[in-house]
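Read through the structure below, which is laid out as structure tokens, and then see the notes.
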Amino acid sequence: MQISQNQGNEDFAIMLNAYDCPAILVTPQYQILATNKHYLESYGAIDQSQAAYCFKVSHSNDAPCEQAGEACPLFAACASGKKERALHIHHSPHGKQHIDIEILPILDHNGEVKYCVELLKSVTQTNPKIGNNEMVGASPAFNQLVENITRVAPTDASVLLVGETGSGKEIAAAAVHLASNRKEHPMVILECSGLTEPLFESELFGHIKGAFTGALYNKQGLVEVAHGGTLFLDEIGDVPYELQIKLLRLIETGTYRPVGSRETKRSDFRLICATNQDIISMVERGEFRRDLYYRINVFPIHIPSLNERKQDIPLLTKTLLQRIDQSGQYSVTDCAINLLKKHDFMGNIRELRNILSRALVLSNTLIIDLHVIKTCLEIDREISGDSGSATDLKNNELNYLRRLIDSVDGDKDKAAALAGISTRSLYRKLQ
């Protein structure tokens, strides 16, 4: 089909306006022919005085994505002749953004791909915040996490988040909720670890006045509060075995009874669970019900540890520093970043945040250098007992505190802040 450049582009643009998200028309040779109004509003106009290619416009690359080591949905769609999808990081007027790309091939009468419609949907759940925490990253492991969240969020499927302590499971749960159709309703969190059976049941289902000693009033349960929204059960592996059958019944029927009540209530919620344990091993040992496991494990998502995504350490370090100290004046040297990349993070992002908080106290300038980070890591090794000392726990603590005081030139207020205790407690422990 022969068309004039200008008239053809205008006609294509009009057709693309039928889509309710940014859209472009691309040839199998990666050339952008037209954009719709949503694209113009989100990314601005493309200079088409000369040929414009998607890999150059979106990624600032000089070659197609598949030649640059990335998955290219356009290349895949041209090969399969079917719809393809991928998550990419795009350059935009707002900086780098995670974009969910969907490619719709348009075939000619011979069944060959003539054009492709590329739909671009911003993945807003990559930056949900809880307190001072934020979901940040650009590594392949992080991008896979975001893609999984993007796929499951619009559904009502139960999600099981599996990852180490401190890896960001609660933030990932918030991302699923914020990208779901339930985002206008609350996400209710229950930390299952350490709860006794009576307390767990009371927290989850609520209770009526007089149900047990100390029940002086009716209490609304978290299941009721989560109606219409999301119920997030953190550390699901710690739920008492005796209560797991009640939790299973809740998931299967959506019904429950407050403690001490005969009234059956109903709640409509989306279930997200998280654990740092090997639940399937617990099932094999008879510590976790098999039927409950399969109820919560509809869509499992692996939360990568920081050791699995060390490429993100520079970006995480910058973001965490801004959260800890909002002046934005501190920076970390490249040598210090490289040392952090070599560190084995047992506490994941939470550990990195603690190291940076400690570094702000120890640094005498606005530049956090190799020496400061090295000192912070040595303090960590001391408190974890990596020094090989065979002394008892109290002596280990005492030795740690003394070394901490030495590291800040005897400033006990600074030392107490680094140890996370009050100055009075520090003096008491030293005695």
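Within each chain, counting starts at residue 1; across the structure tokens, chains are named A, B, ... in the order shown, with ligands numbered 1 upward in that order.
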Give me the segment 158-215 of chain A side of the contact with segment 333-352 of chain A, cut-off 9 Å, one line per residue showing its nearest atom pair and distance in Å at one decimal, counting only C-alpha atoms, sorted by chain and residue number, as a tab-separated table.
residue	atom	partner	partner_atom	distance
A:Glu164	CA	A:Asn348	CA	7.7
A:Thr165	CA	A:Gly347	CA	6.4
A:Gly166	CA	A:Arg350	CA	5.1
A:Ser167	CA	A:Asn348	CA	5.3
A:Gly168	CA	A:Ile349	CA	7.3
Next, the residues of the selection above should be written as a tab-separated table (two decimals), in the first residue's frame with C-alpha atoms.
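And here is the file that came out, part21.tsv:
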chain	number	residue	atom	x	y	z
A	164	GLU	CA	14.65	-13.34	52.88
A	165	THR	CA	14.08	-11.05	55.86
A	166	GLY	CA	14.61	-7.43	54.90
A	167	SER	CA	14.27	-8.01	51.15
A	168	GLY	CA	11.12	-5.86	50.83
Could you give me, as a tab-separated table, a per-residue list for segment 181-213 of chain A showing, wherever an atom lies at most 8 Å from an atom of segment 237-257 of chain A, the closest pair of atoms and their distance in Å to one decimal, using only C-alpha atoms and sorting by chain then residue number from low to high?
residue	atom	partner	partner_atom	distance
A:Cys192	CA	A:Asp238	CA	5.9
A:Ser193	CA	A:Asp238	CA	5.3
A:Gly194	CA	A:Asp238	CA	7.4
A:Leu195	CA	A:Val239	CA	7.9
A:Thr196	CA	A:Pro240	CA	7.6
A:Glu197	CA	A:Pro240	CA	6.2
A:Glu201	CA	A:Leu243	CA	7.6
A:Phe205	CA	A:Arg257	CA	6.5
What would the file look like if the residues just selected were written as a JSON list (two decimals), in the first residue's frame with N, CA and C atoms?
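Listed below is the output, out.json:
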[["chain", "number", "residue", "atom", "x", "y", "z"],
["A", 192, "CYS", "N", 2.17, -12.18, 61.53],
["A", 192, "CYS", "CA", 1.81, -13.44, 62.18],
["A", 192, "CYS", "C", 2.86, -13.93, 63.17],
["A", 193, "SER", "N", 4.08, -13.46, 63.03],
["A", 193, "SER", "CA", 5.16, -13.96, 63.87],
["A", 193, "SER", "C", 4.97, -13.56, 65.32],
["A", 194, "GLY", "N", 5.11, -14.51, 66.21],
["A", 194, "GLY", "CA", 5.08, -14.23, 67.64],
["A", 194, "GLY", "C", 3.71, -14.13, 68.26],
["A", 195, "LEU", "N", 2.65, -14.28, 67.48],
["A", 195, "LEU", "CA", 1.30, -14.18, 68.02],
["A", 195, "LEU", "C", 0.85, -15.53, 68.60],
["A", 196, "THR", "N", 0.30, -15.48, 69.81],
["A", 196, "THR", "CA", -0.29, -16.68, 70.38],
["A", 196, "THR", "C", -1.59, -17.00, 69.65],
["A", 197, "GLU", "N", -2.07, -18.23, 69.81],
["A", 197, "GLU", "CA", -3.30, -18.62, 69.14],
["A", 197, "GLU", "C", -4.49, -17.73, 69.49],
["A", 201, "GLU", "N", -6.27, -15.14, 66.68],
["A", 201, "GLU", "CA", -7.69, -15.27, 66.34],
["A", 201, "GLU", "C", -8.44, -13.97, 66.61],
["A", 205, "PHE", "N", -10.05, -12.16, 63.44],
["A", 205, "PHE", "CA", -11.51, -12.26, 63.36],
["A", 205, "PHE", "C", -12.26, -11.27, 64.26]]
- Task: Give me, please, the distance in Å between atom CA of Asn181 of chain A and atom CA of Asp291 of chain A, quoted to one decimal.
- Result: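 We find that atom CA of Asn181 of chain A and atom CA of Asp291 of chain A lie 27.3 Å from each other.
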For segment 138-153 of chain A, list every protein, DNA or RNA residue within 7 Å, evaluated using only C-alpha atoms, and leave out those in the same chain fewer than 5 positions away; present the list as a tab-separated table (two decimals) with N, CA and C atoms, in the first residue's frame.
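Output saved as result.tsv:
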chain	number	residue	atom	x	y	z
A	87	LEU	N	8.69	-6.15	29.85
A	87	LEU	CA	8.88	-4.99	30.72
A	87	LEU	C	10.21	-4.35	30.36
A	126	THR	N	6.19	0.54	40.79
A	126	THR	CA	7.59	0.38	41.11
A	126	THR	C	8.05	1.36	42.18
A	176	VAL	N	1.50	-4.73	44.71
A	176	VAL	CA	0.39	-5.53	44.16
A	176	VAL	C	-0.94	-4.84	44.45
A	177	HIS	N	-1.11	-4.40	45.69
A	177	HIS	CA	-2.37	-3.75	46.08
A	177	HIS	C	-2.61	-2.46	45.30
A	179	ALA	N	-1.60	-1.57	42.45
A	179	ALA	CA	-1.84	-1.76	41.01
A	179	ALA	C	-3.09	-2.59	40.75
A	180	SER	N	-3.83	-2.90	41.80
A	180	SER	CA	-5.02	-3.74	41.65
A	180	SER	C	-6.29	-2.90	41.56
A	301	ILE	N	5.66	-15.37	44.07
A	301	ILE	CA	6.60	-14.38	43.56
A	301	ILE	C	7.86	-14.42	44.42
A	303	ILE	N	11.00	-12.78	45.90
A	303	ILE	CA	11.56	-11.45	46.16
A	303	ILE	C	13.07	-11.60	46.21
A	304	PRO	N	13.80	-11.05	45.25
A	304	PRO	CA	15.25	-11.27	45.21
A	304	PRO	C	15.95	-10.63	46.41
A	308	GLU	N	21.32	-10.87	45.24
A	308	GLU	CA	20.92	-11.26	43.88
A	308	GLU	C	20.76	-10.05	42.96
A	309	ARG	N	20.80	-8.85	43.51
A	309	ARG	CA	20.58	-7.65	42.70
A	309	ARG	C	21.58	-6.56	43.10
A	311	GLN	N	23.58	-5.01	41.34
A	311	GLN	CA	23.60	-3.91	40.37
A	311	GLN	C	22.78	-2.72	40.87
A	312	ASP	N	21.82	-2.99	41.76
A	312	ASP	CA	20.94	-1.92	42.25
A	312	ASP	C	21.54	-1.14	43.43
- Task: One decimal, Å: what's the distance from atom CA of Phe212 of chain A over to atom CA of Leu190 of chain A, could you say?
- Result: 21.3 Å
- Using only C-alpha atoms: which of A:Gln50, A:Ser425, A:Gln220, A:Ser42 has the shortest distance to Ser122 of chain A: A:Ser42
- Among the residues of segment 36-163 of chain A, find those DSSP assigns to helix (DSSP H, G or I) from the backbone and print them as a PyMOL selection string. chain A and resi 37-43+54-59+65-67+73-80+124-126+140-152
Could you save those same residues with C-alpha atoms as an mmCIF file, in the first residue's frame?
data_model
loop_
_atom_site.group_PDB
_atom_site.id
_atom_site.type_symbol
_atom_site.label_atom_id
_atom_site.label_comp_id
_atom_site.auth_asym_id
_atom_site.auth_seq_id
_atom_site.Cartn_x
_atom_site.Cartn_y
_atom_site.Cartn_z
ATOM 1 C CA LYS A 37 -2.366 11.817 21.677
ATOM 2 C CA HIS A 38 -1.669 9.881 24.900
ATOM 3 C CA TYR A 39 1.915 9.324 23.766
ATOM 4 C CA LEU A 40 2.333 13.033 23.046
ATOM 5 C CA GLU A 41 0.968 13.909 26.489
ATOM 6 C CA SER A 42 3.242 11.424 28.261
ATOM 7 C CA TYR A 43 6.463 11.551 26.256
ATOM 8 C CA CYS A 54 11.999 2.936 18.779
ATOM 9 C CA PHE A 55 15.270 1.677 20.299
ATOM 10 C CA LYS A 56 16.811 5.147 19.905
ATOM 11 C CA VAL A 57 13.785 7.117 21.126
ATOM 12 C CA SER A 58 12.877 4.912 24.091
ATOM 13 C CA HIS A 59 16.259 3.584 25.203
ATOM 14 C CA CYS A 65 17.107 -4.181 21.993
ATOM 15 C CA GLU A 66 17.770 -7.823 21.108
ATOM 16 C CA GLN A 67 21.215 -6.797 19.836
ATOM 17 C CA PRO A 73 8.814 -7.748 22.147
ATOM 18 C CA LEU A 74 8.739 -6.215 18.653
ATOM 19 C CA PHE A 75 11.329 -8.703 17.415
ATOM 20 C CA ALA A 76 9.388 -11.530 19.106
ATOM 21 C CA ALA A 77 6.050 -10.410 17.623
ATOM 22 C CA CYS A 78 7.497 -10.232 14.118
ATOM 23 C CA ALA A 79 8.842 -13.755 14.551
ATOM 24 C CA SER A 80 5.676 -15.272 16.015
ATOM 25 C CA THR A 124 3.392 2.933 38.674
ATOM 26 C CA GLN A 125 3.789 0.236 41.333
ATOM 27 C CA THR A 126 7.594 0.377 41.114
ATOM 28 C CA PRO A 140 17.269 -7.957 35.767
ATOM 29 C CA ALA A 141 16.173 -9.592 39.040
ATOM 30 C CA PHE A 142 14.270 -6.462 40.067
ATOM 31 C CA ASN A 143 12.692 -6.093 36.624
ATOM 32 C CA GLN A 144 11.479 -9.701 36.775
ATOM 33 C CA LEU A 145 9.882 -8.937 40.149
ATOM 34 C CA VAL A 146 8.127 -5.883 38.699
ATOM 35 C CA GLU A 147 6.921 -7.873 35.688
ATOM 36 C CA ASN A 148 5.426 -10.540 37.956
ATOM 37 C CA ILE A 149 3.680 -7.877 40.020
ATOM 38 C CA THR A 150 2.388 -6.217 36.860
ATOM 39 C CA ARG A 151 0.892 -9.460 35.591
ATOM 40 C CA VAL A 152 -0.826 -10.610 38.779
#
- Item | Spatial neighbours of Ser267 of chain A, max dist 8 Å, only C-alpha atoms, sep filter under 4 positions, as a list in words |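 Here the qualifying residues turn out to be Val223, Glu224, Ala226, His227, Gly228, Gly254 and Thr255 of chain A.
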- Query: In Å, with one decimal, what is the gap from atom CA of Ile296 of chain A to atom CA of Ile279 of chain A?
  - Reply: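 Going from atom CA of Ile296 of chain A over to atom CA of Ile279 of chain A covers 10.8 Å.
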Write out as a compact mmCIF listing (two decimals) with C-alpha atoms, in the first residue's frame which residues come within 7 Å of segment 363-368 of chain A when counting only C-alpha atoms, dropping same-chain ones fewer than 5 positions away.
# COMPACT_ATOMS: atom_id res chain seq x y z
CA GLN A 329 23.86 16.85 50.48
CA TYR A 330 25.52 13.49 51.13
CA SER A 331 27.16 11.39 48.46
CA VAL A 332 29.07 8.11 48.42
CA THR A 333 32.36 7.62 46.57
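In this comparison, which uses only C-alpha atoms, the residue of A:Leu356, A:Val259, A:Val225, A:Leu119 approaching Lys318 of chain A most closely is A:Leu356.
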- Top pick for closest residue to Ile106 of chain A, considering A:Glu170, A:Leu25, A:Leu178, A:Ile32 and counting only C-alpha atoms: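 Looking at the shortest contact to Ile106 of chain A, the residue is A:Leu25.
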- Item | Among listed residues A:His90, A:Arg182, A:Arg403, A:Lys121, nearest Asp156 of chain A (using only C-alpha atoms) |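 Closest candidate: A:Arg182.
Considering only C-alpha atoms, the residue among A:Ala63, A:His88, A:Ile313, A:Val408 positioned nearest to Cys376 of chain A is A:Val408.
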- Choose the residue, out of A:Ile272, A:Val113, A:Ile355, A:Ala211, that has the smallest atom-to-atom separation from Ile171 of chain A; count only C-alpha atoms.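 Of A:Ile272, A:Val113, A:Ile355, A:Ala211, the one nearest Ile171 of chain A, counting only C-alpha atoms, is A:Ile272.
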- Within 10 Å of Arg290 of chain A, counting only C-alpha atoms, which residues qualify if same-chain residues fewer than 5 places away don't, as a PyMOL selection string? chain A and resi 279-280+282-284+295
Which residues, written as a PDB file with all heavy atoms, in the first residue's frame, have at least one atom at most 10 Å from Ala23 of chain A, with only C-alpha atoms counted and residues fewer than 4 positions away on the same chain left out?
ATOM      1  N   ALA A  13      -2.168   8.128  13.114  1.00  0.00           N
ATOM      2  CA  ALA A  13      -2.329   8.755  14.425  1.00  0.00           C
ATOM      3  C   ALA A  13      -3.792   8.749  14.857  1.00  0.00           C
ATOM      4  O   ALA A  13      -4.106   8.506  16.025  1.00  0.00           O
ATOM      5  CB  ALA A  13      -1.782  10.180  14.401  1.00  0.00           C
ATOM      6  N   LEU A  16      -4.627   5.338  16.054  1.00  0.00           N
ATOM      7  CA  LEU A  16      -4.003   5.032  17.346  1.00  0.00           C
ATOM      8  C   LEU A  16      -4.714   5.711  18.510  1.00  0.00           C
ATOM      9  O   LEU A  16      -4.625   5.251  19.654  1.00  0.00           O
ATOM     10  CB  LEU A  16      -2.525   5.461  17.333  1.00  0.00           C
ATOM     11  CG  LEU A  16      -1.592   4.660  16.424  1.00  0.00           C
ATOM     12  CD1 LEU A  16      -0.204   5.275  16.440  1.00  0.00           C
ATOM     13  CD2 LEU A  16      -1.515   3.200  16.859  1.00  0.00           C
ATOM     14  N   ASN A  17      -5.434   6.798  18.221  1.00  0.00           N
ATOM     15  CA  ASN A  17      -6.154   7.513  19.287  1.00  0.00           C
ATOM     16  C   ASN A  17      -7.270   6.675  19.900  1.00  0.00           C
ATOM     17  O   ASN A  17      -7.828   7.031  20.934  1.00  0.00           O
ATOM     18  CB  ASN A  17      -6.716   8.832  18.768  1.00  0.00           C
ATOM     19  CG  ASN A  17      -5.644   9.892  18.605  1.00  0.00           C
ATOM     20  OD1 ASN A  17      -4.598   9.820  19.251  1.00  0.00           O
ATOM     21  ND2 ASN A  17      -5.889  10.866  17.740  1.00  0.00           N
ATOM     22  N   ALA A  18      -7.604   5.557  19.272  1.00  0.00           N
ATOM     23  CA  ALA A  18      -8.628   4.672  19.839  1.00  0.00           C
ATOM     24  C   ALA A  18      -8.129   3.970  21.095  1.00  0.00           C
ATOM     25  O   ALA A  18      -8.920   3.480  21.910  1.00  0.00           O
ATOM     26  CB  ALA A  18      -9.058   3.635  18.798  1.00  0.00           C
ATOM     27  N   TYR A  19      -6.811   3.916  21.272  1.00  0.00           N
ATOM     28  CA  TYR A  19      -6.244   3.279  22.467  1.00  0.00           C
ATOM     29  C   TYR A  19      -6.209   4.289  23.617  1.00  0.00           C
ATOM     30  O   TYR A  19      -5.900   5.475  23.411  1.00  0.00           O
ATOM     31  CB  TYR A  19      -4.830   2.766  22.183  1.00  0.00           C
ATOM     32  CG  TYR A  19      -4.809   1.639  21.167  1.00  0.00           C
ATOM     33  CD1 TYR A  19      -4.453   1.882  19.838  1.00  0.00           C
ATOM     34  CD2 TYR A  19      -5.134   0.341  21.539  1.00  0.00           C
ATOM     35  CE1 TYR A  19      -4.427   0.856  18.902  1.00  0.00           C
ATOM     36  CE2 TYR A  19      -5.118  -0.693  20.609  1.00  0.00           C
ATOM     37  CZ  TYR A  19      -4.764  -0.424  19.294  1.00  0.00           C
ATOM     38  OH  TYR A  19      -4.756  -1.441  18.374  1.00  0.00           O
ATOM     39  N   ALA A  34       3.979   6.706  13.568  1.00  0.00           N
ATOM     40  CA  ALA A  34       2.969   7.610  14.117  1.00  0.00           C
ATOM     41  C   ALA A  34       2.829   7.369  15.614  1.00  0.00           C
ATOM     42  O   ALA A  34       3.185   6.310  16.145  1.00  0.00           O
ATOM     43  CB  ALA A  34       1.623   7.397  13.420  1.00  0.00           C
ATOM     44  N   THR A  35       2.289   8.382  16.302  1.00  0.00           N
ATOM     45  CA  THR A  35       2.023   8.289  17.743  1.00  0.00           C
ATOM     46  C   THR A  35       0.622   8.816  18.011  1.00  0.00           C
ATOM     47  O   THR A  35       0.077   9.598  17.220  1.00  0.00           O
ATOM     48  CB  THR A  35       3.032   9.124  18.553  1.00  0.00           C
ATOM     49  OG1 THR A  35       2.896  10.504  18.195  1.00  0.00           O
ATOM     50  CG2 THR A  35       4.460   8.682  18.282  1.00  0.00           C
ATOM     51  N   ASN A  36       0.022   8.403  19.124  1.00  0.00           N
ATOM     52  CA  ASN A  36      -1.302   8.927  19.458  1.00  0.00           C
ATOM     53  C   ASN A  36      -1.204  10.084  20.456  1.00  0.00           C
ATOM     54  O   ASN A  36      -0.113  10.439  20.925  1.00  0.00           O
ATOM     55  CB  ASN A  36      -2.230   7.811  19.968  1.00  0.00           C
ATOM     56  CG  ASN A  36      -1.830   7.289  21.339  1.00  0.00           C
ATOM     57  OD1 ASN A  36      -0.780   7.632  21.884  1.00  0.00           O
ATOM     58  ND2 ASN A  36      -2.679   6.461  21.919  1.00  0.00           N
ATOM     59  N   LYS A  37      -2.344  10.639  20.807  1.00  0.00           N
ATOM     60  CA  LYS A  37      -2.366  11.817  21.677  1.00  0.00           C
ATOM     61  C   LYS A  37      -1.864  11.485  23.087  1.00  0.00           C
ATOM     62  O   LYS A  37      -1.224  12.323  23.733  1.00  0.00           O
ATOM     63  CB  LYS A  37      -3.773  12.408  21.742  1.00  0.00           C
ATOM     64  CG  LYS A  37      -4.840  11.467  22.292  1.00  0.00           C
ATOM     65  CD  LYS A  37      -6.220  12.099  22.285  1.00  0.00           C
ATOM     66  CE  LYS A  37      -7.274  11.133  22.844  1.00  0.00           C
ATOM     67  NZ  LYS A  37      -8.640  11.721  22.812  1.00  0.00           N
ATOM     68  N   HIS A  38      -2.137  10.278  23.560  1.00  0.00           N
ATOM     69  CA  HIS A  38      -1.669   9.881  24.900  1.00  0.00           C
ATOM     70  C   HIS A  38      -0.148   9.794  24.935  1.00  0.00           C
ATOM     71  O   HIS A  38       0.476  10.120  25.951  1.00  0.00           O
ATOM     72  CB  HIS A  38      -2.286   8.539  25.308  1.00  0.00           C
ATOM     73  CG  HIS A  38      -3.764   8.602  25.539  1.00  0.00           C
ATOM     74  ND1 HIS A  38      -4.327   9.345  26.555  1.00  0.00           N
ATOM     75  CD2 HIS A  38      -4.792   8.009  24.885  1.00  0.00           C
ATOM     76  CE1 HIS A  38      -5.637   9.201  26.519  1.00  0.00           C
ATOM     77  NE2 HIS A  38      -5.952   8.400  25.516  1.00  0.00           N
ATOM     78  N   TYR A  39       0.457   9.371  23.831  1.00  0.00           N
ATOM     79  CA  TYR A  39       1.915   9.324  23.766  1.00  0.00           C
ATOM     80  C   TYR A  39       2.482  10.740  23.820  1.00  0.00           C
ATOM     81  O   TYR A  39       3.447  11.010  24.544  1.00  0.00           O
ATOM     82  CB  TYR A  39       2.379   8.610  22.495  1.00  0.00           C
ATOM     83  CG  TYR A  39       3.883   8.425  22.442  1.00  0.00           C
ATOM     84  CD1 TYR A  39       4.458   7.252  22.890  1.00  0.00           C
ATOM     85  CD2 TYR A  39       4.714   9.439  21.978  1.00  0.00           C
ATOM     86  CE1 TYR A  39       5.838   7.077  22.862  1.00  0.00           C
ATOM     87  CE2 TYR A  39       6.088   9.286  21.954  1.00  0.00           C
ATOM     88  CZ  TYR A  39       6.648   8.107  22.402  1.00  0.00           C
ATOM     89  OH  TYR A  39       8.021   7.959  22.391  1.00  0.00           O
ATOM     90  N   LEU A  40       1.862  11.640  23.058  1.00  0.00           N
ATOM     91  CA  LEU A  40       2.333  13.033  23.046  1.00  0.00           C
ATOM     92  C   LEU A  40       2.241  13.653  24.433  1.00  0.00           C
ATOM     93  O   LEU A  40       3.142  14.379  24.865  1.00  0.00           O
ATOM     94  CB  LEU A  40       1.519  13.855  22.048  1.00  0.00           C
ATOM     95  CG  LEU A  40       1.673  13.480  20.576  1.00  0.00           C
ATOM     96  CD1 LEU A  40       0.699  14.300  19.721  1.00  0.00           C
ATOM     97  CD2 LEU A  40       3.104  13.718  20.115  1.00  0.00           C
ATOM     98  N   ILE A 101       5.361  -3.094  27.996  1.00  0.00           N
ATOM     99  CA  ILE A 101       5.214  -2.969  26.541  1.00  0.00           C
ATOM    100  C   ILE A 101       4.405  -4.132  26.001  1.00  0.00           C
ATOM    101  O   ILE A 101       4.705  -5.294  26.260  1.00  0.00           O
ATOM    102  CB  ILE A 101       6.588  -2.958  25.838  1.00  0.00           C
ATOM    103  CG1 ILE A 101       7.471  -1.844  26.391  1.00  0.00           C
ATOM    104  CG2 ILE A 101       6.423  -2.825  24.328  1.00  0.00           C
ATOM    105  CD1 ILE A 101       6.949  -0.468  26.121  1.00  0.00           C
ATOM    106  N   GLU A 102       3.370  -3.821  25.212  1.00  0.00           N
ATOM    107  CA  GLU A 102       2.572  -4.852  24.545  1.00  0.00           C
ATOM    108  C   GLU A 102       2.591  -4.578  23.049  1.00  0.00           C
ATOM    109  O   GLU A 102       2.298  -3.455  22.607  1.00  0.00           O
ATOM    110  CB  GLU A 102       1.139  -4.852  25.077  1.00  0.00           C
ATOM    111  CG  GLU A 102       0.320  -6.031  24.603  1.00  0.00           C
ATOM    112  CD  GLU A 102      -1.019  -6.113  25.323  1.00  0.00           C
ATOM    113  OE1 GLU A 102      -1.299  -5.239  26.158  1.00  0.00           O
ATOM    114  OE2 GLU A 102      -1.790  -7.039  25.030  1.00  0.00           O
ATOM    115  N   ILE A 103       2.978  -5.564  22.275  1.00  0.00           N
ATOM    116  CA  ILE A 103       3.094  -5.423  20.824  1.00  0.00           C
ATOM    117  C   ILE A 103       1.965  -6.194  20.138  1.00  0.00           C
ATOM    118  O   ILE A 103       1.787  -7.401  20.365  1.00  0.00           O
ATOM    119  CB  ILE A 103       4.449  -5.953  20.317  1.00  0.00           C
ATOM    120  CG1 ILE A 103       5.606  -5.182  20.947  1.00  0.00           C
ATOM    121  CG2 ILE A 103       4.522  -5.874  18.788  1.00  0.00           C
ATOM    122  CD1 ILE A 103       5.716  -3.738  20.505  1.00  0.00           C
ATOM    123  N   VAL A 117       1.548  -2.314  16.403  1.00  0.00           N
ATOM    124  CA  VAL A 117       1.097  -1.295  17.346  1.00  0.00           C
ATOM    125  C   VAL A 117       1.775  -1.591  18.681  1.00  0.00           C
ATOM    126  O   VAL A 117       1.688  -2.698  19.210  1.00  0.00           O
ATOM    127  CB  VAL A 117      -0.431  -1.302  17.516  1.00  0.00           C
ATOM    128  CG1 VAL A 117      -0.856  -0.304  18.595  1.00  0.00           C
ATOM    129  CG2 VAL A 117      -1.114  -0.979  16.194  1.00  0.00           C
ATOM    130  N   GLU A 118       2.466  -0.605  19.207  1.00  0.00           N
ATOM    131  CA  GLU A 118       3.159  -0.752  20.493  1.00  0.00           C
ATOM    132  C   GLU A 118       2.422   0.058  21.548  1.00  0.00           C
ATOM    133  O   GLU A 118       2.318   1.283  21.441  1.00  0.00           O
ATOM    134  CB  GLU A 118       4.616  -0.287  20.373  1.00  0.00           C
ATOM    135  CG  GLU A 118       5.403  -0.424  21.656  1.00  0.00           C
ATOM    136  CD  GLU A 118       6.882  -0.119  21.473  1.00  0.00           C
ATOM    137  OE1 GLU A 118       7.466  -0.560  20.452  1.00  0.00           O
ATOM    138  OE2 GLU A 118       7.453   0.560  22.347  1.00  0.00           O
ATOM    139  N   LEU A 119       1.904  -0.642  22.574  1.00  0.00           N
ATOM    140  CA  LEU A 119       1.189   0.008  23.670  1.00  0.00           C
ATOM    141  C   LEU A 119       2.125   0.133  24.855  1.00  0.00           C
ATOM    142  O   LEU A 119       2.772  -0.847  25.266  1.00  0.00           O
ATOM    143  CB  LEU A 119      -0.053  -0.801  24.058  1.00  0.00           C
ATOM    144  CG  LEU A 119      -1.028  -1.132  22.920  1.00  0.00           C
ATOM    145  CD1 LEU A 119      -2.201  -1.941  23.463  1.00  0.00           C
ATOM    146  CD2 LEU A 119      -1.526   0.144  22.247  1.00  0.00           C
ATOM    147  N   LEU A 120       2.213   1.314  25.444  1.00  0.00           N
ATOM    148  CA  LEU A 120       3.140   1.589  26.538  1.00  0.00           C
ATOM    149  C   LEU A 120       2.349   1.943  27.794  1.00  0.00           C
ATOM    150  O   LEU A 120       1.629   2.948  27.817  1.00  0.00           O
ATOM    151  CB  LEU A 120       4.091   2.740  26.185  1.00  0.00           C
ATOM    152  CG  LEU A 120       4.979   2.572  24.949  1.00  0.00           C
ATOM    153  CD1 LEU A 120       4.254   3.059  23.684  1.00  0.00           C
ATOM    154  CD2 LEU A 120       6.269   3.353  25.127  1.00  0.00           C
ATOM    155  N   LYS A 121       2.475   1.109  28.813  1.00  0.00           N
ATOM    156  CA  LYS A 121       1.746   1.345  30.061  1.00  0.00           C
ATOM    157  C   LYS A 121       2.741   1.509  31.200  1.00  0.00           C
ATOM    158  O   LYS A 121       3.507   0.583  31.504  1.00  0.00           O
ATOM    159  CB  LYS A 121       0.782   0.197  30.343  1.00  0.00           C
ATOM    160  CG  LYS A 121      -0.257   0.018  29.248  1.00  0.00           C
ATOM    161  CD  LYS A 121      -1.128  -1.200  29.466  1.00  0.00           C
ATOM    162  CE  LYS A 121      -2.113  -1.386  28.310  1.00  0.00           C
ATOM    163  NZ  LYS A 121      -2.952  -2.601  28.484  1.00  0.00           N
TER     164      LYS A 121
END
